[in-house]
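Visitor: Below is one structure. I have some questions about it.
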Amino acid sequence: MSVFTAMSTMAQHKTFTLEDLNSGGERYHEMTPERRYFAWWGDELLQLEVDGVYRVDKAKGGRRQLFSLDEMLDMDGVGEEFVGVNLLKASFPYKKQPLALLESPKGHILYDFQKHRIAWQQNREGSLEWNAQGRVDAFSRDCNLWVRLADGAERQITEDGSRDIVYGRSVHRNEFGINKGTFFSPDGGRLAFYRMDQSMVADYPQVNTFERMAVCEPDKYPMAGMTSHEVTVGVYDIKADSTVWLDFGNPKDRYFTNVTWSPDGRRIYLYEVNRAQNRATLDEYDALSGHKLRCIDTEEDAKYVEPQHPVTFVPWDEGRFLAWSQKNGYWHLYLYNAVTGRCLDQLTDGEWVVLDLVGFCKRTNSVIILANRKTHLQHNLYAVNLDTKVVTPLDNGCGVHEAVLSESGEYAVDKWSEPDRPRAYALTDIAGTVKSGGYKSRELFESGNPWQDYAVPHYTTGTIKAADDTTTLHWRMVLPPDFSPEKKYPTVVYVYGGPHAHLVEASWHWGSRSWETYMAQNGFIVFALDNRGSENRGKAFEQVTFRKLGQEEMRDQMCGVEYLRSLPYVDAERLGLHGWSYGGFMTISLMTNYPDVFKVAVAGGPVIDWKWYEVMYGERYMDTPEENEAGYAMTSLMSKASALKGRLQIIIGMNDPVVVPQHALQFLNACNEAGTQPDFYVYPGEEHNMMGHLSVHLHERITRYFNDWLK
């Protein structure tokens, strides 16, 4: 099955360059769909522009200026405070006060846009997190955690911070949904924070070659099966100027994640995961004493559990909260009584997943979610009634959506794209839609097609069966602008294949990467398939890879290859592969396990042996090397070096802290010993991804390799 995206009928003769298509390119922003920026001031819709902020009439769509950057810069004596302010990032934290929160190089500023004056300002050096209610800032200085109060006074919370003892930062290597290390109570009166002791973790010897004499600058890197860091959570009381520690006991081989506060700021909820990652508990702690109050829920799985989301309280009912779980096979929401700790009901259900909890609407007694309820390829908005569980669609039913709610939750700015619509924005009347049962919205803006004058490739999608001959898999194909089914084309399989990612979706051009467009322009077909093990398809779909990463994924990818071989315009003698990170692992896995199928490959930042990868991710999917010796041996590419036949280029950042250089270097050594001949390129000083304009250089190098060896 395939569906071709309709092409513009306008003249298409221009060709793309990587400066146009790559995110680091000089003209990239000119070639991306035009954006609009919106914010909410209570239930007032504001449009943000570089030089001003405008109030939008929700009923009629007109707008009038609220304030401008020029008038701020012209303020007597204080205009310099606004130099460097980006109004596109303005926020409006107080629904009944005319105050805009702005960030400048000089600090946090609350600008009174009715009186045209600075109402309050604060230094923001080292800022980690700012709380609007208390106007207090958590910040880092000299490896220690501090708070900066509303009156500008600074207090040091910790004293033993160092490279080994880390405060207020993300822990557990950003697994389990962790992306920060500080957590203010709702009123800003208390601050929960992570303390990570990594003194027992082995150093990985990264090297800085930019000095006159190269300098060792090691990373703390806990590999699978090795000693991991130990984490605790402190709670600093601003009024008392004192810290208590949550009573964890010995934190060794325990993971703590998804820290959140009760609305009254007296209790802390978090998930604890054991080292084996097959058991998680939802626990409640007293924020004043640090004592554990109770275990609310326990979830176990024969393979693994991985809590990703904190509990969320119903805003108008402090006695109820929502928690996420996959215990029925898919990510769904469950309603709990906060007083008794009892689960009241499973709120959402079905063979689909909740992707995001966007917010709540009191008027409709609803939680607003993003889910792939309609199809795996779409992300759509829904209101779910907290009592009846009735689900009401809140968008046009097409494409990939995201939304930001007004303060009451009665309105949303909905941003989305579809395969043939680059980007669009709408104002959705949530309360009106739920009440009437019919979609009520008004379009705010639709981007034009920035590629309309170019020779644009053809984007197509379809499905095949997985290697189990039962599961449906989605693929995307990008065909050259002058495609003819009478010709045969060299074809590159772009692969990722790992957890927590997908490639194919119903967004613009079916979610294709701009490099695929560049390759199609160069006369290649590019094919991408979401194999079993990728995200948003349910627990069974994802967990099929357990203890044998890469194996089922390869089987599914080869089903995709068989489909390609069935197409008369695909040259089966000129098949290539490309992927990065997990995709680099998949690229070399396929290249060496099927050496007679693929002619050319480029693997970026590849995992070679999972025993060299970090502990949380590696042990979740593979267990420890001691527990799963056969699985680690099966998935290691070290023993596959002798099977390499085609042209393989490996590219890494020399100082990669994610997939450390040892992976690529040891594979090269194995190839030396086996007498096989891969090519190798390294970016000195770079980490896991090449950032900025180096990304243009990287993708030119990748493209040249296929031009040289696959055409």
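Identifiers for the structure tokens are assigned positionally: chains receive A, B, ... in sequence, residues are indexed from 1 per chain, and ligands are indexed from 1 in the order shown.
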Please report as a tab-separated table every residue of region 270-367 of chain A lying within 9 Å of region 610-619 of chain A, along with the nearest atom pair and their distance in Å (one decimal), using only C-alpha atoms.

Guide:
residue	atom	partner	partner_atom	distance
A:Arg275	CA	A:Met616	CA	8.0
A:Ala276	CA	A:Glu619	CA	7.1
A:Gln277	CA	A:Glu619	CA	7.9

Visitor: From the DSSP assignment of the backbone, select every residue of region 387-624 of chain A that is helix (DSSP H, G or I), and format the answer as a PyMOL selection string.

Guide: chain A and resi 430-436+508-511+514-521+539-543+551-565+582-593+610-612+615-622

Visitor: Counting only C-alpha atoms, which residue out of A:Thr158, A:Gln114, A:Ser23, A:Gln662 sits closest to Ile608 (chain A)?

Guide: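 Using only C-alpha atoms, the shortest distance to Ile608 (chain A) belongs to A:Gln662.
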
Visitor: Compare A:Val235, A:Leu444, A:Leu665, A:Leu293 by their minimum atom-to-atom distance to Arg63 (chain A), counting only C-alpha atoms, and give me the closest one.

Guide: A:Leu444

Visitor: I'd like to know which residues of region 93-235 of chain A are strand (DSSP E or B) (by DSSP, run on the backbone); could you write them as a count of residues only?

Guide: 66

Visitor: Please list as a list in words every residue within 10 Å of Thr388 (chain A), counting only C-alpha atoms and excluding residues in the same chain fewer than 3 positions away.

Guide: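 The residues that qualify are Leu347, Asn365, Ser366, Val384, Asn385 and Val391 of chain A.
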
Visitor: For region 422-433 of chain A, please output as a list in words all residues within 6 Å (counting only C-alpha atoms; exclusion window: fewer than 5 positions along the same chain).

Guide: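 Answer for this query is Pro33, Glu410, Tyr411, Ala412, Val413, Asp414, Lys415, Trp416, Ser417, Gly438, Tyr439, Lys440, Ser441, Arg442, Glu443, Leu444, Phe445, Glu446, Ser447 and Trp508 of chain A.
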
Visitor: Region 586-598 of chain A: which residues within 8 Å, counting only C-alpha atoms, same-chain residues fewer than 6 positions away excluded, as a ChimeraX atom specification?

Guide: /A:495-497,550,554,572-579,606,637,640-641,643-646

Visitor: Tell me which protein, DNA and RNA residues are within 6 Å of Tyr269 (chain A), counting only C-alpha atoms, leaving out same-chain ones fewer than 4 positions away, and put them as a list in words.

Guide: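 With the cut-off at 6 Å, the set is Val259, Thr260, Asp283 and Glu284 of chain A.
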
Visitor: Please provide as a list in words all residues within 9 Å of Asp482 (chain A), with the sequence filter that same-chain residues fewer than 3 positions apart are discarded (counting only C-alpha atoms).

Guide: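 After dropping sequence-adjacent residues, the list is Ala455, Val456, Pro457, His458, Leu479, Gln521 and Gly523 of chain A.
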
Visitor: Of the residues A:Trp120, A:Gly604, A:Asp203, A:Pro499, which is the one nearest to Cys216 (chain A), using only C-alpha atoms?

Guide: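 Result for the nearest residue to Cys216 (chain A): A:Asp203.
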
Visitor: Measuring atom to atom with only C-alpha atoms, identify which of A:Ala383, A:Val314, A:Leu549, A:Met200 is nearest to Tyr632 (chain A).

Guide: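 Of the candidates, the smallest distance to Tyr632 (chain A) is held by A:Leu549.
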
Visitor: So, counting only C-alpha atoms, which residue among A:Tyr194, A:Trp515, A:Phe321, A:Phe667 is closest to Asp20 (chain A)?

Guide: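 That would be A:Trp515, the residue with the smallest distance to Asp20 (chain A).
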